[in-house]
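Chemist: I'm passing along protein29.csv; it holds CSV, C-alpha atoms.
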chain,number,residue,atom,x,y,z
A,1,MET,CA,5.7,-39.8,11.5
A,2,MET,CA,3.0,-39.8,14.1
A,3,GLU,CA,4.2,-36.4,15.4
A,4,ASP,CA,4.1,-34.9,12.0
A,5,ILE,CA,0.5,-35.9,11.6
A,6,VAL,CA,-0.4,-34.4,15.0
A,7,ILE,CA,1.4,-31.2,14.2
A,8,PHE,CA,-0.3,-31.0,10.8
A,9,LEU,CA,-3.8,-31.6,12.2
A,10,THR,CA,-3.2,-29.0,15.0
A,11,LEU,CA,-2.1,-26.4,12.5
A,12,LEU,CA,-5.1,-27.2,10.3
A,13,THR,CA,-7.5,-26.9,13.2
A,14,VAL,CA,-5.9,-23.7,14.5
A,15,GLY,CA,-5.9,-22.2,11.0
A,16,TYR,CA,-9.5,-23.1,10.4
A,17,ALA,CA,-10.7,-21.8,13.8
A,18,SER,CA,-8.8,-18.5,13.8
A,19,GLY,CA,-9.2,-17.9,10.1
A,20,THR,CA,-12.9,-18.4,10.1
A,21,TRP,CA,-13.3,-16.2,13.2
A,22,LEU,CA,-11.2,-13.4,11.8
A,23,GLU,CA,-13.0,-13.6,8.5
A,24,LYS,CA,-16.4,-13.4,10.1
A,25,ARG,CA,-15.3,-10.4,12.2
A,26,HIS,CA,-13.8,-8.7,9.2
A,27,PHE,CA,-16.9,-9.1,7.1
A,28,LYS,CA,-19.1,-7.7,9.9
A,29,ARG,CA,-16.9,-4.7,10.1
A,30,ILE,CA,-16.8,-4.2,6.3
A,31,ARG,CA,-20.6,-4.4,6.2
A,32,GLU,CA,-21.0,-1.8,9.0
A,33,ARG,CA,-18.6,0.6,7.3
A,34,GLU,CA,-20.1,0.1,3.9
A,35,GLU,CA,-23.4,1.3,5.3
A,36,GLU,CA,-21.7,4.3,6.8
A,37,PHE,CA,-20.1,5.3,3.5
A,38,VAL,CA,-23.1,4.6,1.3
A,39,SER,CA,-23.6,8.4,0.8
A,40,LEU,CA,-20.1,8.7,-0.8
A,41,PRO,CA,-20.4,7.1,-4.2
A,42,ALA,CA,-17.2,5.7,-5.8
A,43,ILE,CA,-17.8,5.5,-9.5
A,44,MET,CA,-15.9,4.3,-12.5
A,45,LEU,CA,-16.9,7.2,-14.8
A,46,LYS,CA,-14.1,9.4,-16.0
A,47,LYS,CA,-15.9,12.6,-15.2
A,48,PRO,CA,-17.9,13.9,-12.3
A,49,LEU,CA,-21.6,14.1,-13.1
A,50,ASN,CA,-21.4,17.9,-13.3
A,51,ASP,CA,-18.5,20.4,-13.1
A,52,ASN,CA,-20.4,23.0,-11.1
A,53,GLU,CA,-19.0,24.3,-7.9
A,54,ILE,CA,-16.0,22.0,-7.7
A,55,LYS,CA,-13.6,23.5,-5.2
A,56,ASP,CA,-10.8,21.0,-5.2
A,57,VAL,CA,-9.7,17.6,-6.5
A,58,LYS,CA,-7.3,15.1,-4.9
A,59,LEU,CA,-5.9,11.7,-5.6
A,60,VAL,CA,-6.9,9.3,-2.9
A,61,ASN,CA,-5.9,5.7,-2.3
A,62,GLY,CA,-6.4,2.8,0.0
A,63,SER,CA,-4.5,-0.5,0.2
A,64,VAL,CA,-4.5,-3.7,2.3
A,65,VAL,CA,-2.5,-6.9,2.5
A,66,ILE,CA,-4.4,-9.9,3.7
A,67,SER,CA,-2.8,-13.3,4.5
A,68,ILE,CA,-4.2,-16.7,3.9
A,69,ASP,CA,-4.4,-19.1,6.8
A,70,TYR,CA,-3.2,-22.7,7.0
A,71,PHE,CA,-6.6,-24.2,6.3
A,72,LYS,CA,-7.2,-22.1,3.2
A,73,LYS,CA,-3.8,-23.1,1.9
A,74,PHE,CA,-4.5,-26.7,2.4
A,75,VAL,CA,-7.9,-26.6,0.7
A,76,ALA,CA,-6.3,-24.7,-2.2
A,77,SER,CA,-3.6,-27.3,-2.6
A,78,LEU,CA,-6.2,-30.0,-2.6
A,79,MET,CA,-8.3,-28.2,-5.2
A,80,ASN,CA,-5.2,-27.8,-7.3
A,81,PHE,CA,-5.2,-31.5,-7.7
A,82,PHE,CA,-8.9,-32.0,-8.3
A,83,GLY,CA,-9.7,-28.7,-10.1
A,84,GLY,CA,-12.8,-26.6,-9.5
A,85,ARG,CA,-13.5,-23.3,-7.7
A,86,ILE,CA,-11.6,-22.5,-4.6
A,87,SER,CA,-14.2,-20.7,-2.5
A,88,THR,CA,-11.8,-20.1,0.4
A,89,TYR,CA,-9.7,-17.9,-1.9
A,90,GLU,CA,-12.8,-16.1,-3.3
A,91,THR,CA,-13.8,-14.8,0.0
A,92,LEU,CA,-10.2,-13.7,0.7
A,93,VAL,CA,-9.9,-11.5,-2.4
A,94,ASP,CA,-13.5,-10.3,-1.9
A,95,ARG,CA,-12.8,-8.9,1.5
A,96,ALA,CA,-9.4,-7.5,0.5
A,97,ARG,CA,-11.0,-5.5,-2.3
A,98,ARG,CA,-13.9,-4.2,-0.2
A,99,GLU,CA,-11.5,-3.2,2.5
A,100,ALA,CA,-9.3,-1.3,0.1
A,101,ILE,CA,-12.3,0.6,-1.3
A,102,LEU,CA,-13.4,1.5,2.2
A,103,ARG,CA,-9.9,2.8,3.1
A,104,MET,CA,-9.9,4.9,0.0
A,105,LYS,CA,-13.2,6.4,1.0
A,106,GLU,CA,-11.8,7.1,4.5
A,107,ASP,CA,-8.9,8.8,2.9
A,108,ALA,CA,-11.2,11.1,0.9
A,109,GLY,CA,-12.8,12.6,4.0
A,110,GLU,CA,-15.4,15.3,3.2
A,111,ALA,CA,-15.5,14.5,-0.6
A,112,SER,CA,-18.9,14.4,-2.4
A,113,GLU,CA,-17.8,11.7,-4.8
A,114,ILE,CA,-14.9,9.7,-6.0
A,115,VAL,CA,-14.5,9.3,-9.8
A,116,ASN,CA,-12.5,7.0,-12.0
A,117,ILE,CA,-11.6,4.4,-9.4
A,118,ARG,CA,-9.2,1.7,-10.3
A,119,ILE,CA,-8.6,-1.5,-8.4
A,120,GLU,CA,-5.3,-3.3,-8.7
A,121,THR,CA,-4.6,-6.7,-7.2
A,122,SER,CA,-1.1,-8.2,-6.8
A,123,SER,CA,0.2,-11.3,-5.1
A,124,ILE,CA,3.2,-10.9,-2.9
A,125,SER,CA,3.5,-14.7,-2.4
A,126,LYS,CA,5.6,-15.5,-5.5
A,127,ASN,CA,8.6,-13.4,-4.6
A,128,ALA,CA,9.0,-14.4,-0.9
A,129,SER,CA,11.7,-16.8,0.1
A,130,GLN,CA,9.5,-18.6,2.6
A,131,ASN,CA,6.5,-18.8,0.4
A,132,ILE,CA,4.3,-16.3,2.3
A,133,GLY,CA,0.8,-16.4,0.8
A,134,ALA,CA,-0.8,-13.0,0.7
A,135,VAL,CA,-2.8,-10.8,-1.5
A,136,GLU,CA,-2.4,-7.0,-1.9
A,137,VAL,CA,-5.2,-4.8,-3.2
A,138,LEU,CA,-4.8,-1.1,-4.1
A,139,ALA,CA,-7.8,1.1,-4.9
A,140,TYR,CA,-7.4,4.6,-6.1
A,141,GLY,CA,-9.4,7.4,-7.6
A,142,THR,CA,-10.0,11.1,-7.7
A,143,ALA,CA,-12.0,12.6,-4.9
A,144,ILE,CA,-14.2,15.6,-5.8
A,145,TYR,CA,-14.8,18.3,-3.2
A,146,ARG,CA,-17.7,20.6,-3.7
B,1,MET,CA,0.6,20.4,-6.8
B,2,ILE,CA,-2.7,19.0,-7.9
B,3,ILE,CA,-2.7,15.3,-8.6
B,4,THR,CA,-5.7,13.5,-10.2
B,5,ASN,CA,-6.3,10.3,-12.2
B,6,ILE,CA,-8.8,11.9,-14.5
B,7,GLU,CA,-7.8,13.6,-17.7
B,8,TYR,CA,-8.5,17.2,-16.7
B,9,ILE,CA,-9.0,19.3,-13.6
B,10,PRO,CA,-12.6,20.6,-13.3
B,11,SER,CA,-12.9,24.4,-13.4
B,12,LYS,CA,-9.2,24.8,-14.5
B,13,GLU,CA,-7.6,24.9,-18.0
B,14,VAL,CA,-4.4,23.2,-19.2
B,15,VAL,CA,-2.1,25.6,-20.8
B,16,GLU,CA,1.1,23.6,-21.2
B,17,HIS,CA,2.2,20.0,-21.3
B,18,PHE,CA,5.5,18.6,-20.0
B,19,GLY,CA,5.2,14.9,-20.9
B,20,VAL,CA,5.4,11.9,-18.7
B,21,VAL,CA,6.7,12.1,-15.1
B,22,SER,CA,7.3,9.1,-12.9
B,23,GLY,CA,8.6,8.0,-9.6
B,24,SER,CA,9.5,4.6,-8.3
B,25,THR,CA,10.9,2.8,-5.2
B,26,VAL,CA,12.1,-0.7,-4.7
B,27,ARG,CA,11.6,-1.9,-1.2
B,28,ALA,CA,12.6,-5.1,0.6
B,29,LYS,CA,10.9,-6.3,3.8
B,30,HIS,CA,13.0,-6.8,6.9
B,31,VAL,CA,13.4,-10.1,8.7
B,32,GLY,CA,11.2,-9.2,11.7
B,33,ARG,CA,8.3,-8.5,9.4
B,34,ASP,CA,8.9,-11.7,7.5
B,35,ILE,CA,8.8,-13.8,10.7
B,36,ALA,CA,5.6,-12.1,11.9
B,37,ALA,CA,4.1,-12.7,8.4
B,38,SER,CA,4.9,-16.4,8.4
B,39,PHE,CA,3.1,-16.8,11.7
B,40,LYS,CA,0.1,-14.9,10.3
B,41,ASN,CA,0.2,-17.4,7.4
B,42,ILE,CA,-1.1,-20.0,9.9
B,43,PHE,CA,-3.8,-17.8,11.5
B,44,GLY,CA,-4.8,-15.6,8.6
B,45,GLY,CA,-5.8,-12.0,8.9
B,46,GLU,CA,-4.3,-8.7,7.8
B,47,LEU,CA,-0.5,-8.2,7.5
B,48,LYS,CA,-0.4,-4.7,9.0
B,49,GLY,CA,3.4,-4.5,8.6
B,50,TYR,CA,3.2,-5.2,4.9
B,51,THR,CA,0.3,-2.8,4.4
B,52,GLU,CA,2.2,0.0,6.1
B,53,LEU,CA,5.4,-0.8,4.2
B,54,LEU,CA,3.7,-0.7,0.8
B,55,SER,CA,1.7,2.5,1.5
B,56,GLU,CA,4.8,4.2,2.8
B,57,SER,CA,6.7,3.2,-0.3
B,58,ARG,CA,3.9,4.4,-2.5
B,59,GLU,CA,3.9,7.8,-0.8
B,60,GLU,CA,7.6,8.0,-1.5
B,61,ALA,CA,7.1,7.2,-5.2
B,62,ILE,CA,4.5,9.9,-5.4
B,63,GLU,CA,6.9,12.4,-3.7
B,64,ARG,CA,9.5,11.6,-6.3
B,65,MET,CA,7.1,12.1,-9.1
B,66,LYS,CA,6.0,15.4,-7.7
B,67,GLU,CA,9.6,16.5,-7.4
B,68,GLN,CA,10.2,15.7,-11.1
B,69,ALA,CA,7.1,17.6,-12.1
B,70,ARG,CA,8.2,20.6,-10.0
B,71,SER,CA,11.6,20.7,-11.6
B,72,LEU,CA,9.9,20.9,-15.0
B,73,GLY,CA,7.8,23.9,-13.9
B,74,ALA,CA,4.5,22.0,-13.7
B,75,ASN,CA,1.8,22.6,-11.2
B,76,ALA,CA,-0.4,19.6,-11.7
B,77,ILE,CA,-0.2,15.9,-12.7
B,78,LEU,CA,-3.0,14.3,-14.6
B,79,ASN,CA,-4.0,10.7,-15.4
B,80,VAL,CA,-1.9,9.1,-12.7
B,81,ARG,CA,-1.5,5.3,-12.7
B,82,PHE,CA,0.0,3.0,-10.2
B,83,SER,CA,1.8,-0.3,-10.9
B,84,THR,CA,3.4,-2.9,-8.7
B,85,SER,CA,5.9,-5.5,-9.8
B,86,SER,CA,8.2,-7.9,-8.1
B,87,VAL,CA,11.8,-7.5,-9.3
B,88,ALA,CA,13.7,-9.9,-7.0
B,89,ALA,CA,13.0,-12.4,-4.2
B,90,GLY,CA,11.5,-10.4,-1.2
B,91,ALA,CA,11.5,-7.1,-2.9
B,92,ALA,CA,8.7,-5.1,-4.6
B,93,GLU,CA,8.8,-2.2,-7.0
B,94,LEU,CA,6.2,0.5,-6.8
B,95,TYR,CA,5.9,2.6,-9.8
B,96,VAL,CA,3.7,5.7,-10.3
B,97,TYR,CA,3.4,7.8,-13.5
B,98,GLY,CA,1.4,10.6,-15.0
B,99,THR,CA,1.3,13.6,-17.3
B,100,ALA,CA,2.8,16.8,-15.9
B,101,VAL,CA,0.9,19.9,-17.0
B,102,LYS,CA,0.5,23.6,-16.1
B,103,VAL,CA,-3.0,24.7,-15.3
B,104,VAL,CA,-4.5,28.1,-14.7
Can you present the structure in this file as structure tokens?

Modeler:
Amino acid sequence: MMEDIVIFLTLLTVGYASGTWLEKRHFKRIREREEEFVSLPAIMLKKPLNDNEIKDVKLVNGSVVISIDYFKKFVASLMNFFGGRISTYETLVDRARREAILRMKEDAGEASEIVNIRIETSSISKNASQNIGAVEVLAYGTAIYR
Amino acid sequence: MIITNIEYIPSKEVVEHFGVVSGSTVRAKHVGRDIAASFKNIFGGELKGYTELLSESREEAIERMKEQARSLGANAILNVRFSTSSVAAGAAELYVYGTAVKVV
């Protein structure tokens, strides 16, 4: 009994420490790359702003799978009981989406813009035998080369 | 083969439609990746193995769609959409579909 509590608390602390550290580092990297790619607009419009001088078009995509940590999982199961917003999950899906968009932009290379972007989120936790909690985000669109 | 997810190709004209073409793959993860992922579930962070697996499978689905379009005599695929669904425990289906056309 005592051992179980010790193991649980250790996992919780380790999960909190490493999860927070990884998330901070990831957000820092995301912000840096977002600044870098600010000149490559990714828009939801179905058409490029003008059709002049378009040399080539290409389907580009970017995807990422991010896992939850032990602490987030615990907070979520608590909030399932009390209700309310689960902010630990909100940051998780936020950074997954931003990462996917950035990878899509990296895939586009020398493009002048990316039009008609779609973002799709799926959870791969439900189907896993050992209940692995993770979120997959796919972003795709058409890169326009001028 | 030109692939886009918009409804036309700028500076080109569609001359013939061939209808819907699609490609799909069903992939299962192997045990090694599952064990690594369950560790990651404690620490958090990106599951690189899964990211690779899913993007490889997606490429394969696109390849299959292209093959189907080629066999019909098309040279472009418009309005492409992706979809992911889980069919069985531990396996995921990646499906991609679009409209095959001939452009000049």

Chemist: May I have the residues within 12 Å of Ala139 (chain A) as a PyMOL selection string, using all atoms listed in the file and disregarding those fewer than 2 positions away in the same chain?

Modeler: (chain A and resi 42-44+59-64+96-107+114-122+136-137+141-142) or (chain B and resi 5+55+81-83)

Chemist: For Glu13 (chain B), list every protein, DNA or RNA residue within 12 Å, evaluated using all atoms listed in the file, and leave out those in the same chain fewer than 5 positions away; present the list as a list in words.

Modeler: Glu7, Tyr8, Asn75, Ala76, Val101, Lys102, Val103 and Val104 of chain B

Chemist: Per residue of chain A within 6 Å of chain B, note the shortest atom pair and the distance in Å to one decimal, counting only C-alpha atoms, and order the rows by chain and increasing residue number, as JSON lines.

Modeler:
{"residue": "A:Gly15", "atom": "CA", "partner": "B:Phe43", "partner_atom": "CA", "distance": 4.9}
{"residue": "A:Ser18", "atom": "CA", "partner": "B:Phe43", "partner_atom": "CA", "distance": 5.5}
{"residue": "A:Gly19", "atom": "CA", "partner": "B:Gly44", "partner_atom": "CA", "distance": 5.2}
{"residue": "A:Asp51", "atom": "CA", "partner": "B:Pro10", "partner_atom": "CA", "distance": 5.9}
{"residue": "A:Lys58", "atom": "CA", "partner": "B:Thr4", "partner_atom": "CA", "distance": 5.8}
{"residue": "A:Leu59", "atom": "CA", "partner": "B:Thr4", "partner_atom": "CA", "distance": 4.9}
{"residue": "A:Val64", "atom": "CA", "partner": "B:Thr51", "partner_atom": "CA", "distance": 5.3}
{"residue": "A:Val65", "atom": "CA", "partner": "B:Thr51", "partner_atom": "CA", "distance": 5.3}
{"residue": "A:Ile66", "atom": "CA", "partner": "B:Glu46", "partner_atom": "CA", "distance": 4.3}
{"residue": "A:Ser67", "atom": "CA", "partner": "B:Gly44", "partner_atom": "CA", "distance": 5.1}
{"residue": "A:Ile68", "atom": "CA", "partner": "B:Gly44", "partner_atom": "CA", "distance": 4.9}
{"residue": "A:Asp69", "atom": "CA", "partner": "B:Gly44", "partner_atom": "CA", "distance": 4.0}
{"residue": "A:Tyr70", "atom": "CA", "partner": "B:Ile42", "partner_atom": "CA", "distance": 4.5}
{"residue": "A:Asn127", "atom": "CA", "partner": "B:Ala89", "partner_atom": "CA", "distance": 4.5}
{"residue": "A:Ala128", "atom": "CA", "partner": "B:Gly90", "partner_atom": "CA", "distance": 4.7}
{"residue": "A:Thr142", "atom": "CA", "partner": "B:Thr4", "partner_atom": "CA", "distance": 5.5}

Chemist: Atoms to include: C-alpha atoms. Write the selected residues as an mmCIF file, in the coordinates of the input.

Modeler:
data_model
loop_
_atom_site.group_PDB
_atom_site.id
_atom_site.type_symbol
_atom_site.label_atom_id
_atom_site.label_comp_id
_atom_site.auth_asym_id
_atom_site.auth_seq_id
_atom_site.Cartn_x
_atom_site.Cartn_y
_atom_site.Cartn_z
ATOM 1 C CA GLY A 15 -5.900 -22.200 11.000
ATOM 2 C CA SER A 18 -8.800 -18.500 13.800
ATOM 3 C CA GLY A 19 -9.200 -17.900 10.100
ATOM 4 C CA ASP A 51 -18.500 20.400 -13.100
ATOM 5 C CA LYS A 58 -7.300 15.100 -4.900
ATOM 6 C CA LEU A 59 -5.900 11.700 -5.600
ATOM 7 C CA VAL A 64 -4.500 -3.700 2.300
ATOM 8 C CA VAL A 65 -2.500 -6.900 2.500
ATOM 9 C CA ILE A 66 -4.400 -9.900 3.700
ATOM 10 C CA SER A 67 -2.800 -13.300 4.500
ATOM 11 C CA ILE A 68 -4.200 -16.700 3.900
ATOM 12 C CA ASP A 69 -4.400 -19.100 6.800
ATOM 13 C CA TYR A 70 -3.200 -22.700 7.000
ATOM 14 C CA ASN A 127 8.600 -13.400 -4.600
ATOM 15 C CA ALA A 128 9.000 -14.400 -0.900
ATOM 16 C CA THR A 142 -10.000 11.100 -7.700
#

Chemist: Please measure the separation of CA of His17 (chain B) and CA of Thr99 (chain B), giving the value in Å to one decimal.

Modeler: 7.6 Å

Chemist: How many Å separate CA of Val75 (chain A) from CA of Gly133 (chain A)?

Modeler: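 The value is 13.4 Å.
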
Chemist: Env of Ser112 (chain A): 7 Å cut, atoms = all atoms listed in the file, seq-sep filter 4 positions within chain, self excluded. Answer as a ChimeraX atom specification.

Modeler: /A:40,144-146

Chemist: When distances are computed from only C-alpha atoms, which of A:Val57, A:Leu45, A:Leu12, A:Met1 shows the smallest separation from Lys12 (chain B)?

Modeler: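 Ranking A:Val57, A:Leu45, A:Leu12, A:Met1 by distance to Lys12 (chain B), first place goes to A:Val57.
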
Chemist: Please measure the separation of CA of Glu93 (chain B) and CA of Gly19 (chain B), giving the value in Å to one decimal.

Modeler: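 Result for CA of Glu93 (chain B) versus CA of Gly19 (chain B): 22.3 Å, one decimal.
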
Chemist: Anything within 9 Å of (9.7, 17.8, -15.0): list those residues as a list in words, counting all atoms listed in the file and sticking to the file's coordinates.

Modeler: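 Taken together, the residues in range are Phe18, Gly19, Val20, Val21, Met65, Lys66, Glu67, Gln68, Ala69, Arg70, Ser71, Leu72, Gly73, Ala74 and Ala100 of chain B.
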
Chemist: Of the residues A:Leu49, A:Leu9, A:Ala108, A:Val93, which is the one nearest to Ala134 (chain A), using only C-alpha atoms?

Modeler: A:Val93

Chemist: As a list in words, please: the residues near Arg64 (chain B) (cut-off 8 Å, all atoms listed in the file, same-chain neighbours under 4 positions excluded).

Modeler: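 So, after excluding close chain neighbours, the residues are Ser22, Gly23, Ser24, Glu60 and Gln68 of chain B.
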